[in-house]
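Visitor: Structure file work.cif (mmCIF, C-alpha atoms and all ligand atoms) is given on the next line.
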data_entry
#
loop_
_atom_site.label_atom_id
_atom_site.label_comp_id
_atom_site.auth_asym_id
_atom_site.auth_seq_id
_atom_site.Cartn_x
_atom_site.Cartn_y
_atom_site.Cartn_z
CA MET A 1 -79.41 48.82 59.52
CA ALA A 2 -80.46 45.18 60.08
CA ASN A 3 -82.59 46.33 63.02
CA GLU A 4 -84.28 48.95 60.89
CA ARG A 5 -85.07 46.38 58.18
CA LEU A 6 -86.57 44.07 60.82
CA ARG A 7 -88.69 46.93 62.17
CA TYR A 8 -90.13 47.68 58.71
CA ARG A 9 -90.79 43.99 58.14
CA MET A 10 -92.68 43.79 61.44
CA SER A 11 -94.78 46.90 60.66
CA ALA A 12 -95.62 45.44 57.25
CA LEU A 13 -96.68 42.22 58.99
CA TYR A 14 -99.12 44.03 61.33
CA VAL A 15 -100.61 46.00 58.43
CA THR A 16 -100.97 42.82 56.36
CA VAL A 17 -102.80 41.01 59.17
CA PHE A 18 -105.13 44.01 59.54
CA ALA A 19 -105.70 44.07 55.76
CA HIS A 20 -106.69 40.40 55.80
CA LEU A 21 -109.21 40.99 58.59
CA LEU A 22 -110.69 43.72 56.38
CA VAL A 23 -110.90 41.31 53.41
CA VAL A 24 -112.93 38.85 55.50
CA SER A 25 -115.25 41.61 56.81
CA ILE A 26 -115.78 43.21 53.37
CA THR A 27 -116.57 39.86 51.70
CA THR A 28 -118.98 38.86 54.49
CA LEU A 29 -120.81 42.20 54.47
CA VAL A 30 -121.12 42.30 50.66
CA LEU A 31 -122.56 38.75 50.60
CA PHE A 32 -124.96 39.54 53.47
CA TRP A 33 -126.08 42.78 51.78
CA LEU A 34 -126.76 41.25 48.37
CA ILE A 35 -128.21 37.91 49.51
CA LYS A 36 -130.17 38.84 52.65
CA LEU A 37 -131.10 42.49 52.11
CA ARG A 38 -131.39 42.37 48.30
CA GLU A 39 -132.59 39.84 45.75
CA GLY A 40 -129.50 37.59 45.43
CA PHE A 41 -127.77 36.76 42.10
CA ALA A 42 -128.54 35.24 38.68
CA LEU A 43 -127.22 35.70 35.16
CA LYS A 44 -130.69 34.97 33.72
CA SER A 45 -133.85 35.89 35.60
CA ASP A 46 -137.12 37.77 35.36
CA ILE A 47 -136.07 39.57 38.52
CA LYS A 48 -133.60 41.86 36.74
CA MET A 49 -132.01 43.14 39.94
CA LYS A 50 -130.53 39.66 40.40
CA ILE A 51 -128.48 40.30 37.25
CA PHE A 52 -127.46 43.76 38.47
CA ASN A 53 -126.39 42.37 41.86
CA LEU A 54 -123.64 40.36 40.16
CA HIS A 55 -122.06 43.74 39.31
CA PRO A 56 -121.13 44.94 42.83
CA LEU A 57 -120.34 41.36 43.91
CA LEU A 58 -117.89 40.53 41.11
CA THR A 59 -116.30 43.96 40.73
CA ILE A 60 -115.62 44.22 44.48
CA LEU A 61 -114.27 40.64 44.62
CA GLY A 62 -112.15 41.20 41.50
CA PHE A 63 -110.78 44.74 41.60
CA ILE A 64 -110.66 45.13 45.38
CA VAL A 65 -110.29 41.74 47.09
CA PHE A 66 -108.23 39.76 44.53
CA SER A 67 -106.22 42.73 43.30
CA GLY A 68 -105.54 43.80 46.92
CA GLU A 69 -104.46 40.25 47.77
CA ALA A 70 -102.17 40.23 44.71
CA ILE A 71 -100.44 43.38 45.95
CA LEU A 72 -100.23 42.06 49.53
CA THR A 73 -98.57 38.85 48.27
CA TYR A 74 -95.13 40.40 48.53
CA LYS A 75 -95.65 40.91 52.29
CA ALA A 76 -98.02 38.11 53.22
CA ILE A 77 -96.27 35.05 51.78
CA PRO A 78 -92.75 33.99 52.74
CA ALA A 79 -91.62 32.56 49.38
CA SER A 80 -88.93 33.06 46.73
CA ARG A 81 -89.19 36.00 44.27
CA PRO A 82 -90.22 33.83 41.25
CA VAL A 83 -93.02 32.18 43.30
CA LEU A 84 -94.22 35.57 44.61
CA LYS A 85 -94.22 36.94 41.05
CA LEU A 86 -96.31 33.98 39.85
CA ILE A 87 -98.87 34.33 42.68
CA HIS A 88 -99.00 38.13 42.12
CA PHE A 89 -99.69 37.56 38.42
CA ILE A 90 -102.31 34.79 38.91
CA PHE A 91 -104.24 36.86 41.49
CA HIS A 92 -104.29 39.83 39.12
CA LEU A 93 -105.46 37.64 36.26
CA ILE A 94 -108.32 36.32 38.43
CA ALA A 95 -109.05 39.94 39.48
CA LEU A 96 -109.35 41.12 35.87
CA THR A 97 -111.48 38.15 34.76
CA THR A 98 -113.86 38.48 37.73
CA GLY A 99 -114.08 42.27 37.30
CA ILE A 100 -114.84 41.99 33.57
CA LEU A 101 -117.63 39.47 34.32
CA GLY A 102 -119.02 41.97 36.85
CA VAL A 103 -119.09 44.73 34.25
CA TYR A 104 -120.61 42.36 31.67
CA ALA A 105 -123.45 41.79 34.18
CA VAL A 106 -124.26 45.51 34.46
CA PHE A 107 -124.21 45.96 30.65
CA LYS A 108 -126.56 42.94 30.34
CA PHE A 109 -128.83 44.44 33.01
CA HIS A 110 -128.90 47.81 31.22
CA ASN A 111 -129.76 46.10 27.92
CA GLU A 112 -132.58 44.05 29.43
CA VAL A 113 -134.25 46.98 31.19
CA ALA A 114 -133.49 49.40 28.32
CA ILE A 115 -131.24 51.86 30.17
CA ALA A 116 -128.61 53.85 28.23
CA HIS A 117 -124.91 52.98 28.64
CA MET A 118 -121.96 54.93 29.98
CA TYR A 119 -123.71 58.12 31.09
CA THR A 120 -122.21 58.53 34.59
CA LEU A 121 -118.86 59.55 36.07
CA HIS A 122 -118.85 56.15 37.82
CA SER A 123 -119.03 54.30 34.51
CA TRP A 124 -116.32 56.50 32.94
CA ILE A 125 -113.83 56.02 35.80
CA GLY A 126 -114.81 52.32 35.94
CA LEU A 127 -114.11 51.65 32.28
CA SER A 128 -110.83 53.61 32.40
CA THR A 129 -109.81 51.53 35.43
CA ILE A 130 -110.43 48.26 33.57
CA CYS A 131 -108.46 49.42 30.49
CA LEU A 132 -105.48 50.60 32.61
CA PHE A 133 -105.64 47.42 34.70
CA ALA A 134 -105.42 45.26 31.55
CA LEU A 135 -102.55 47.40 30.22
CA GLN A 136 -100.63 47.17 33.51
CA LEU A 137 -101.10 43.38 33.50
CA LEU A 138 -99.80 43.12 29.94
CA ILE A 139 -96.79 45.42 30.49
CA GLY A 140 -96.00 43.64 33.81
CA LEU A 141 -96.07 40.29 32.07
CA VAL A 142 -93.89 41.39 29.15
CA THR A 143 -91.36 43.16 31.41
CA PHE A 144 -91.05 40.73 34.31
CA VAL A 145 -91.95 37.33 32.84
CA TYR A 146 -92.07 36.77 29.09
CA PRO A 147 -89.98 37.67 27.16
CA GLY A 148 -88.75 39.72 30.19
CA ALA A 149 -86.58 42.84 30.05
CA GLU A 150 -82.89 42.94 30.98
CA SER A 151 -82.27 43.08 34.70
CA ALA A 152 -81.17 46.75 34.69
CA THR A 153 -84.32 47.75 32.76
CA ARG A 154 -86.48 45.69 35.12
CA ALA A 155 -84.93 47.44 38.13
CA ARG A 156 -85.55 50.87 36.55
CA PHE A 157 -89.11 49.96 35.64
CA ALA A 158 -90.10 48.42 39.04
CA PRO A 159 -90.84 51.73 40.89
CA TRP A 160 -93.06 52.86 37.98
CA HIS A 161 -94.86 49.52 38.04
CA VAL A 162 -95.50 49.91 41.79
CA PHE A 163 -96.59 53.56 41.36
CA PHE A 164 -99.06 52.85 38.52
CA GLY A 165 -100.22 49.67 40.30
CA VAL A 166 -101.18 51.69 43.39
CA VAL A 167 -102.82 54.42 41.24
CA ILE A 168 -104.95 51.86 39.38
CA PHE A 169 -105.91 50.18 42.66
CA TYR A 170 -107.06 53.56 44.04
CA MET A 171 -109.00 54.23 40.83
CA ALA A 172 -110.85 50.97 41.50
CA ILE A 173 -111.60 52.20 45.03
CA VAL A 174 -112.96 55.52 43.71
CA THR A 175 -115.12 53.56 41.22
CA VAL A 176 -116.55 51.37 43.98
CA GLU A 177 -117.25 54.36 46.26
CA THR A 178 -119.06 56.24 43.47
CA GLY A 179 -120.95 53.03 42.52
CA LEU A 180 -122.10 52.51 46.11
CA SER A 181 -123.24 56.15 46.42
CA GLU A 182 -125.07 55.99 43.09
CA ASN A 183 -126.82 52.80 44.14
CA PHE A 184 -127.76 54.49 47.44
CA ILE A 185 -129.46 57.33 45.54
CA PHE A 186 -131.13 55.13 42.88
CA LYS A 187 -132.60 52.93 45.62
CA LYS A 188 -133.65 56.02 47.62
CA LEU A 189 -132.08 54.46 50.72
CA GLN A 190 -132.48 56.48 53.89
CA HIS A 191 -131.83 55.53 57.50
CA GLY A 192 -132.07 51.77 57.96
CA GLN A 193 -130.17 48.53 57.91
CA GLU A 194 -129.30 48.54 54.20
CA ALA A 195 -128.10 52.15 54.27
CA LEU A 196 -125.82 51.38 57.23
CA MET A 197 -124.57 48.23 55.53
CA VAL A 198 -123.70 50.02 52.26
CA ASN A 199 -121.93 52.85 54.13
CA PHE A 200 -119.89 50.41 56.22
CA ILE A 201 -118.85 48.45 53.12
CA GLY A 202 -117.65 51.72 51.57
CA LEU A 203 -115.71 52.71 54.72
CA LEU A 204 -114.06 49.30 55.07
CA ILE A 205 -113.02 49.35 51.40
CA LEU A 206 -111.46 52.78 51.92
CA LEU A 207 -109.57 51.46 54.98
CA PHE A 208 -108.44 48.43 52.96
CA GLY A 209 -107.05 50.80 50.32
CA VAL A 210 -105.05 52.63 53.00
CA ALA A 211 -103.70 49.33 54.39
CA VAL A 212 -102.68 48.02 50.95
CA GLY A 213 -101.03 51.35 50.04
CA LEU A 214 -99.14 51.33 53.33
CA THR A 215 -97.72 47.84 52.72
CA SER A 216 -96.40 49.01 49.34
CA VAL A 217 -94.71 52.03 50.93
CA LEU A 218 -93.15 49.77 53.57
CA SER A 219 -91.82 47.62 50.71
CA LEU A 220 -89.47 50.49 49.82
CA ARG A 221 -87.35 49.31 52.76
CA ARG A 222 -87.73 45.61 51.97
CA LYS A 223 -84.36 45.06 50.37
C1 LIG B 301 -114.17 48.64 40.31
C2 LIG B 301 -115.45 48.30 40.38
C3 LIG B 301 -116.49 48.75 39.37
C4 LIG B 301 -116.35 48.99 38.03
C5 LIG B 301 -115.09 48.87 37.18
C6 LIG B 301 -117.67 49.43 37.55
C7 LIG B 301 -117.95 49.77 36.24
C8 LIG B 301 -119.19 50.14 35.76
C9 LIG B 301 -119.50 50.46 34.38
C10 LIG B 301 -118.49 50.46 33.23
C11 LIG B 301 -120.82 50.78 34.32
C12 LIG B 301 -121.60 51.22 33.07
C13 LIG B 301 -122.52 50.12 32.55
C14 LIG B 301 -123.35 50.58 31.38
O1 LIG B 301 -123.27 51.74 31.00
O2 LIG B 301 -124.13 49.74 30.85
C15 LIG B 301 -121.36 50.67 35.67
C16 LIG B 301 -122.67 50.93 36.01
C17 LIG B 301 -123.15 50.92 37.31
N1 LIG B 301 -122.46 50.54 38.44
FE1 LIG B 301 -120.52 49.99 38.53
N2 LIG B 301 -118.55 49.43 38.60
C18 LIG B 301 -117.88 49.02 39.73
C19 LIG B 301 -118.42 48.85 40.99
C20 LIG B 301 -119.71 49.16 41.35
C21 LIG B 301 -120.26 48.98 42.68
C22 LIG B 301 -119.53 48.40 43.90
C23 LIG B 301 -121.54 49.41 42.64
C24 LIG B 301 -122.48 49.42 43.82
C25 LIG B 301 -123.68 48.97 43.76
C26 LIG B 301 -121.81 49.86 41.29
C27 LIG B 301 -123.02 50.41 40.84
C28 LIG B 301 -123.29 50.72 39.53
C29 LIG B 301 -124.58 51.24 39.08
C30 LIG B 301 -125.77 51.61 39.98
C31 LIG B 301 -124.49 51.37 37.68
C32 LIG B 301 -125.59 51.88 36.72
C33 LIG B 301 -125.52 53.36 36.56
C34 LIG B 301 -124.26 53.79 35.84
O3 LIG B 301 -124.10 53.50 34.63
O4 LIG B 301 -123.42 54.44 36.49
N3 LIG B 301 -120.67 49.69 40.53
N4 LIG B 301 -120.35 50.28 36.52
C1 LIG B 302 -102.98 45.09 36.90
C2 LIG B 302 -102.02 44.32 37.28
C3 LIG B 302 -100.99 44.70 38.31
C4 LIG B 302 -101.03 45.61 39.35
C5 LIG B 302 -102.18 46.53 39.74
C6 LIG B 302 -99.74 45.51 40.05
C7 LIG B 302 -99.39 46.24 41.15
C8 LIG B 302 -98.22 46.07 41.87
C9 LIG B 302 -97.89 46.74 43.12
C10 LIG B 302 -98.76 47.78 43.83
C11 LIG B 302 -96.69 46.29 43.53
C12 LIG B 302 -95.94 46.66 44.83
C13 LIG B 302 -96.11 45.50 45.81
C14 LIG B 302 -95.22 45.61 47.03
O1 LIG B 302 -94.00 45.47 46.90
O2 LIG B 302 -95.76 45.83 48.13
C15 LIG B 302 -96.22 45.36 42.54
C16 LIG B 302 -95.00 44.72 42.57
C17 LIG B 302 -94.53 43.90 41.57
N1 LIG B 302 -95.23 43.43 40.50
FE1 LIG B 302 -97.10 43.98 39.97
N2 LIG B 302 -98.98 44.54 39.42
C18 LIG B 302 -99.70 44.03 38.37
C19 LIG B 302 -99.30 43.05 37.48
C20 LIG B 302 -98.05 42.46 37.47
C21 LIG B 302 -97.62 41.43 36.55
C22 LIG B 302 -98.46 40.84 35.41
C23 LIG B 302 -96.33 41.12 36.87
C24 LIG B 302 -95.48 40.09 36.21
C25 LIG B 302 -95.36 38.94 36.79
C26 LIG B 302 -95.94 41.93 38.00
C27 LIG B 302 -94.71 41.91 38.64
C28 LIG B 302 -94.39 42.60 39.77
C29 LIG B 302 -93.07 42.56 40.41
C30 LIG B 302 -91.84 41.79 39.94
C31 LIG B 302 -93.16 43.39 41.54
C32 LIG B 302 -92.04 43.73 42.54
C33 LIG B 302 -91.39 45.01 42.09
C34 LIG B 302 -90.26 45.40 43.04
O3 LIG B 302 -90.55 45.98 44.09
O4 LIG B 302 -89.13 45.06 42.71
N3 LIG B 302 -97.02 42.73 38.35
N4 LIG B 302 -97.18 45.22 41.56
#
Can you give me the file's structure in the form of structure tokens?

Guide:
Amino acid sequence: MANERLRYRMSALYVTVFAHLLVVSITTLVLFWLIKLREGFALKSDIKMKIFNLHPLLTILGFIVFSGEAILTYKAIPASRPVLKLIHFIFHLIALTTGILGVYAVFKFHNEVAIAHMYTLHSWIGLSTICLFALQLLIGLVTFVYPGAESATRARFAPWHVFFGVVIFYMAIVTVETGLSENFIFKKLQHGQEALMVNFIGLLILLFGVAVGLTSVLSLRRK
């Protein structure tokens, strides 16, 4: 039994290391794409695409990188449960704030270039993801931290929290993949460096989703 637990712990460790390599690659590629191959970023500018570019940057950093890191916390950091809970919560709070700023940027861009709002599947799934993310954060806080449910209720609720957490994380991945594809079509990208870059970012994000999901499954054998 002890051997089996150790084996699961070791597999979770390998997956976590792999996931962190993906985080570094995704962040580097997104920055390279938006700074070198596109116009860069600005909240106010006559070059309106600079405002739009904040959207993929901040939503990917928030809902993928920070939220993924928050979920990985339980495997990546050897600390006590209360400390892990705090880090998990703070990372998710940063994720939500960054993601909301990213969506604010695309609304601002749409207003400034007079494009209608909320007309695509991407925007529908995206907005649903943000609402569910905020709800999960609130329910997690109330159940596990303040005022905190009784320990039996917390134990019964934990698997549901993990399940919905993973579902919301995958909804964010679907949103990013549809956003990248939409951008590909709007920009009429064909073969070329930017097209390759965007496709690789999408593939790495998908792989990151698999790695994060796998660490959560391995957590079933943690205790
Ligand atoms: C989880 C991450 C994301 C969320 C929650 C999200 C959410 C949204 C929302 C709510 C809108 C509608 C804005 C409006 O109607 O004014 C939008 C628009 C847009 N987003 Fe995203 N987005 C995400 C990631 C991305 C990424 C990575 C890209 C890639 C470039 C992208 C590309 C676009 C484009 C091209 C639009 C304008 C067309 C449209 O409304 O669908 N999004 N996004
Ligand atoms: C949108 C926000 C959130 C998402 C997407 C989310 C997602 C997840 C996921 C996927 C796990 C499983 C991690 C693993 O064991 O590998 C988890 C565990 C956990 N989360 Fe969250 N979480 C969120 C917010 C919160 C908040 C605000 C709290 C309160 C501090 C919290 C407390 C916990 C606890 C205590 C566990 C461990 C459950 C157990 O296995 O016993 N979460 N969360």

Visitor: Nearest to Ile51 in chain A: which of A:Gly68, A:Gly102, A:Pro78, A:Gly179 is it, counting all atoms listed in the file?

Guide: A:Gly102

Visitor: Using only C-alpha atoms, which of A:Ile139, A:Leu127, A:Leu43, A:Leu58 sits nearest Trp160 in chain A?

Guide: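 Result for the nearest residue to Trp160 in chain A: A:Ile139.
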
Visitor: Let me make sure I understand: among A:Leu121, A:Leu101, A:Ile35, A:Ile47, which one has the smallest atom-to-atom distance to ligand LIG 301 (chain B) if we use all atoms listed in the file?

Guide: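 Comparing A:Leu121, A:Leu101, A:Ile35, A:Ile47 against ligand LIG 301 (chain B), the winner is A:Leu121.
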
Visitor: Work out how far CA of Gly209 in chain A is from CA of Leu21 in chain A, in Å to one decimal.

Guide: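 Computed distance, CA of Leu21 in chain A to CA of Gly209 in chain A, equals 13.0 Å.
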
Visitor: Which is closer to ligand LIG 301 (chain B) than all the others in A:Phe164, A:Phe32, A:Phe157, A:Phe63, using all atoms listed in the file?

Guide: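 Checking each of A:Phe164, A:Phe32, A:Phe157, A:Phe63 against ligand LIG 301 (chain B), counting all atoms listed in the file, the winner is A:Phe63.
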
Visitor: Anything within 12 Å of (-109.1, 36.7, 31.4): list those residues as a PyMOL selection string, counting only C-alpha atoms and sticking to the file's coordinates.

Guide: chain A and resi 62+89-101+130+133-134+137-138

Visitor: By how many Å are CA of Leu31 in chain A and atom C15 of ligand LIG 301 (chain B) apart?

Guide: 19.1 Å

Visitor: How would you write, as a PyMOL selection string, the set of residues no farther than 7 Å from ligand LIG 301 (chain B) when counting all atoms listed in the file?

Guide: chain A and resi 55-56+59-60+63+99+103+106-107+110+116-124+126-127+129-130+172-173+175-177+179-180+182-183

Visitor: Within 8 Å of ligand LIG 302 (chain B) (counting all atoms listed in the file), which residues show up? I'd like them as a ChimeraX atom specification.

Guide: /A:67,70-75,81,85-86,88-90,92-93,96,132-145,155,158-159,161-166,168-169,212-213,215-220

Visitor: From the structure just shown, export range 40-153 of chain A with C-alpha atoms as a PDB file, in the first residue's frame.

Guide:
ATOM      1  CA  GLY A  40       2.549  44.513 -29.072  1.00  0.00           C
ATOM      2  CA  PHE A  41       0.233  45.794 -26.283  1.00  0.00           C
ATOM      3  CA  ALA A  42      -1.399  49.018 -25.050  1.00  0.00           C
ATOM      4  CA  LEU A  43      -4.589  49.912 -23.229  1.00  0.00           C
ATOM      5  CA  LYS A  44      -4.802  53.218 -25.128  1.00  0.00           C
ATOM      6  CA  SER A  45      -3.484  53.558 -28.665  1.00  0.00           C
ATOM      7  CA  ASP A  46      -4.397  54.595 -32.189  1.00  0.00           C
ATOM      8  CA  ILE A  47      -3.177  51.178 -33.271  1.00  0.00           C
ATOM      9  CA  LYS A  48      -6.297  49.370 -32.056  1.00  0.00           C
ATOM     10  CA  MET A  49      -4.796  45.900 -32.449  1.00  0.00           C
ATOM     11  CA  LYS A  50      -2.504  46.740 -29.524  1.00  0.00           C
ATOM     12  CA  ILE A  51      -5.622  46.878 -27.331  1.00  0.00           C
ATOM     13  CA  PHE A  52      -6.930  43.601 -28.776  1.00  0.00           C
ATOM     14  CA  ASN A  53      -3.576  41.868 -28.180  1.00  0.00           C
ATOM     15  CA  LEU A  54      -4.032  42.306 -24.430  1.00  0.00           C
ATOM     16  CA  HIS A  55      -6.975  39.887 -24.768  1.00  0.00           C
ATOM     17  CA  PRO A  56      -5.095  36.688 -25.728  1.00  0.00           C
ATOM     18  CA  LEU A  57      -2.159  37.659 -23.488  1.00  0.00           C
ATOM     19  CA  LEU A  58      -4.152  38.210 -20.282  1.00  0.00           C
ATOM     20  CA  THR A  59      -6.768  35.498 -20.784  1.00  0.00           C
ATOM     21  CA  ILE A  60      -4.094  32.857 -21.503  1.00  0.00           C
ATOM     22  CA  LEU A  61      -1.976  34.013 -18.535  1.00  0.00           C
ATOM     23  CA  GLY A  62      -5.026  34.136 -16.247  1.00  0.00           C
ATOM     24  CA  PHE A  63      -7.302  31.229 -17.130  1.00  0.00           C
ATOM     25  CA  ILE A  64      -4.613  28.838 -18.367  1.00  0.00           C
ATOM     26  CA  VAL A  65      -1.244  29.611 -16.736  1.00  0.00           C
ATOM     27  CA  PHE A  66      -2.302  30.916 -13.282  1.00  0.00           C
ATOM     28  CA  SER A  67      -5.352  28.680 -12.960  1.00  0.00           C
ATOM     29  CA  GLY A  68      -3.275  25.654 -14.076  1.00  0.00           C
ATOM     30  CA  GLU A  69      -0.582  26.561 -11.546  1.00  0.00           C
ATOM     31  CA  ALA A  70      -3.256  26.883  -8.838  1.00  0.00           C
ATOM     32  CA  ILE A  71      -4.446  23.337  -9.553  1.00  0.00           C
ATOM     33  CA  LEU A  72      -0.875  21.990  -9.730  1.00  0.00           C
ATOM     34  CA  THR A  73      -0.109  23.523  -6.303  1.00  0.00           C
ATOM     35  CA  TYR A  74      -1.317  20.407  -4.523  1.00  0.00           C
ATOM     36  CA  LYS A  75       1.366  18.350  -6.317  1.00  0.00           C
ATOM     37  CA  ALA A  76       4.125  20.867  -6.930  1.00  0.00           C
ATOM     38  CA  ILE A  77       4.649  22.368  -3.468  1.00  0.00           C
ATOM     39  CA  PRO A  78       5.578  20.306  -0.407  1.00  0.00           C
ATOM     40  CA  ALA A  79       3.694  22.311   2.248  1.00  0.00           C
ATOM     41  CA  SER A  80       0.965  21.861   4.866  1.00  0.00           C
ATOM     42  CA  ARG A  81      -2.720  21.697   3.790  1.00  0.00           C
ATOM     43  CA  PRO A  82      -3.597  25.235   5.051  1.00  0.00           C
ATOM     44  CA  VAL A  83      -0.626  26.736   3.151  1.00  0.00           C
ATOM     45  CA  LEU A  84      -1.523  24.797  -0.024  1.00  0.00           C
ATOM     46  CA  LYS A  85      -5.135  25.989   0.282  1.00  0.00           C
ATOM     47  CA  LEU A  86      -3.975  29.601   0.605  1.00  0.00           C
ATOM     48  CA  ILE A  87      -1.653  29.387  -2.428  1.00  0.00           C
ATOM     49  CA  HIS A  88      -4.395  27.599  -4.432  1.00  0.00           C
ATOM     50  CA  PHE A  89      -6.837  30.394  -3.569  1.00  0.00           C
ATOM     51  CA  ILE A  90      -4.411  33.288  -4.274  1.00  0.00           C
ATOM     52  CA  PHE A  91      -3.414  31.846  -7.673  1.00  0.00           C
ATOM     53  CA  HIS A  92      -7.082  31.486  -8.630  1.00  0.00           C
ATOM     54  CA  LEU A  93      -7.805  35.030  -7.515  1.00  0.00           C
ATOM     55  CA  ILE A  94      -4.930  36.316  -9.688  1.00  0.00           C
ATOM     56  CA  ALA A  95      -6.235  34.109 -12.536  1.00  0.00           C
ATOM     57  CA  LEU A  96      -9.732  35.607 -12.349  1.00  0.00           C
ATOM     58  CA  THR A  97      -8.487  39.206 -12.079  1.00  0.00           C
ATOM     59  CA  THR A  98      -6.065  38.813 -15.004  1.00  0.00           C
ATOM     60  CA  GLY A  99      -8.692  37.018 -17.113  1.00  0.00           C
ATOM     61  CA  ILE A 100     -11.330  39.707 -16.457  1.00  0.00           C
ATOM     62  CA  LEU A 101      -8.827  42.418 -17.498  1.00  0.00           C
ATOM     63  CA  GLY A 102      -8.205  40.426 -20.698  1.00  0.00           C
ATOM     64  CA  VAL A 103     -11.919  40.328 -21.485  1.00  0.00           C
ATOM     65  CA  TYR A 104     -12.272  44.032 -20.627  1.00  0.00           C
ATOM     66  CA  ALA A 105      -9.587  44.686 -23.283  1.00  0.00           C
ATOM     67  CA  VAL A 106     -11.544  42.889 -26.034  1.00  0.00           C
ATOM     68  CA  PHE A 107     -14.791  44.710 -25.110  1.00  0.00           C
ATOM     69  CA  LYS A 108     -12.872  48.035 -25.225  1.00  0.00           C
ATOM     70  CA  PHE A 109     -11.411  47.063 -28.613  1.00  0.00           C
ATOM     71  CA  HIS A 110     -14.864  46.168 -29.974  1.00  0.00           C
ATOM     72  CA  ASN A 111     -16.276  49.497 -28.740  1.00  0.00           C
ATOM     73  CA  GLU A 112     -13.462  51.542 -30.286  1.00  0.00           C
ATOM     74  CA  VAL A 113     -13.671  49.896 -33.713  1.00  0.00           C
ATOM     75  CA  ALA A 114     -17.488  49.646 -33.584  1.00  0.00           C
ATOM     76  CA  ILE A 115     -17.855  45.846 -33.702  1.00  0.00           C
ATOM     77  CA  ALA A 116     -20.938  44.194 -32.143  1.00  0.00           C
ATOM     78  CA  HIS A 117     -20.574  42.231 -28.893  1.00  0.00           C
ATOM     79  CA  MET A 118     -21.119  38.586 -28.025  1.00  0.00           C
ATOM     80  CA  TYR A 119     -21.983  37.207 -31.466  1.00  0.00           C
ATOM     81  CA  THR A 120     -19.700  34.127 -31.543  1.00  0.00           C
ATOM     82  CA  LEU A 121     -19.617  30.693 -29.902  1.00  0.00           C
ATOM     83  CA  HIS A 122     -16.178  31.667 -28.564  1.00  0.00           C
ATOM     84  CA  SER A 123     -17.593  34.674 -26.719  1.00  0.00           C
ATOM     85  CA  TRP A 124     -20.522  32.637 -25.322  1.00  0.00           C
ATOM     86  CA  ILE A 125     -18.337  29.829 -23.956  1.00  0.00           C
ATOM     87  CA  GLY A 126     -15.822  32.451 -22.752  1.00  0.00           C
ATOM     88  CA  LEU A 127     -18.356  34.452 -20.757  1.00  0.00           C
ATOM     89  CA  SER A 128     -19.897  31.277 -19.282  1.00  0.00           C
ATOM     90  CA  THR A 129     -16.398  30.171 -18.237  1.00  0.00           C
ATOM     91  CA  ILE A 130     -15.758  33.452 -16.402  1.00  0.00           C
ATOM     92  CA  CYS A 131     -19.125  33.293 -14.575  1.00  0.00           C
ATOM     93  CA  LEU A 132     -18.596  29.648 -13.508  1.00  0.00           C
ATOM     94  CA  PHE A 133     -14.996  30.412 -12.511  1.00  0.00           C
ATOM     95  CA  ALA A 134     -16.149  33.257 -10.236  1.00  0.00           C
ATOM     96  CA  LEU A 135     -18.882  31.032  -8.761  1.00  0.00           C
ATOM     97  CA  GLN A 136     -16.426  28.183  -8.095  1.00  0.00           C
ATOM     98  CA  LEU A 137     -14.055  30.639  -6.400  1.00  0.00           C
ATOM     99  CA  LEU A 138     -16.842  31.974  -4.184  1.00  0.00           C
ATOM    100  CA  ILE A 139     -18.216  28.534  -3.232  1.00  0.00           C
ATOM    101  CA  GLY A 140     -14.643  27.231  -2.623  1.00  0.00           C
ATOM    102  CA  LEU A 141     -13.935  30.161  -0.337  1.00  0.00           C
ATOM    103  CA  VAL A 142     -17.172  29.825   1.633  1.00  0.00           C
ATOM    104  CA  THR A 143     -16.838  26.036   1.991  1.00  0.00           C
ATOM    105  CA  PHE A 144     -13.125  25.632   2.702  1.00  0.00           C
ATOM    106  CA  VAL A 145     -12.065  28.938   4.279  1.00  0.00           C
ATOM    107  CA  TYR A 146     -14.630  31.408   5.592  1.00  0.00           C
ATOM    108  CA  PRO A 147     -16.958  30.702   7.319  1.00  0.00           C
ATOM    109  CA  GLY A 148     -16.015  27.101   6.276  1.00  0.00           C
ATOM    110  CA  ALA A 149     -18.329  24.084   6.320  1.00  0.00           C
ATOM    111  CA  GLU A 150     -18.153  21.272   8.889  1.00  0.00           C
ATOM    112  CA  SER A 151     -15.425  18.765   8.199  1.00  0.00           C
ATOM    113  CA  ALA A 152     -17.833  16.002   7.073  1.00  0.00           C
ATOM    114  CA  THR A 153     -19.528  18.398   4.626  1.00  0.00           C
TER     115      THR A 153
END
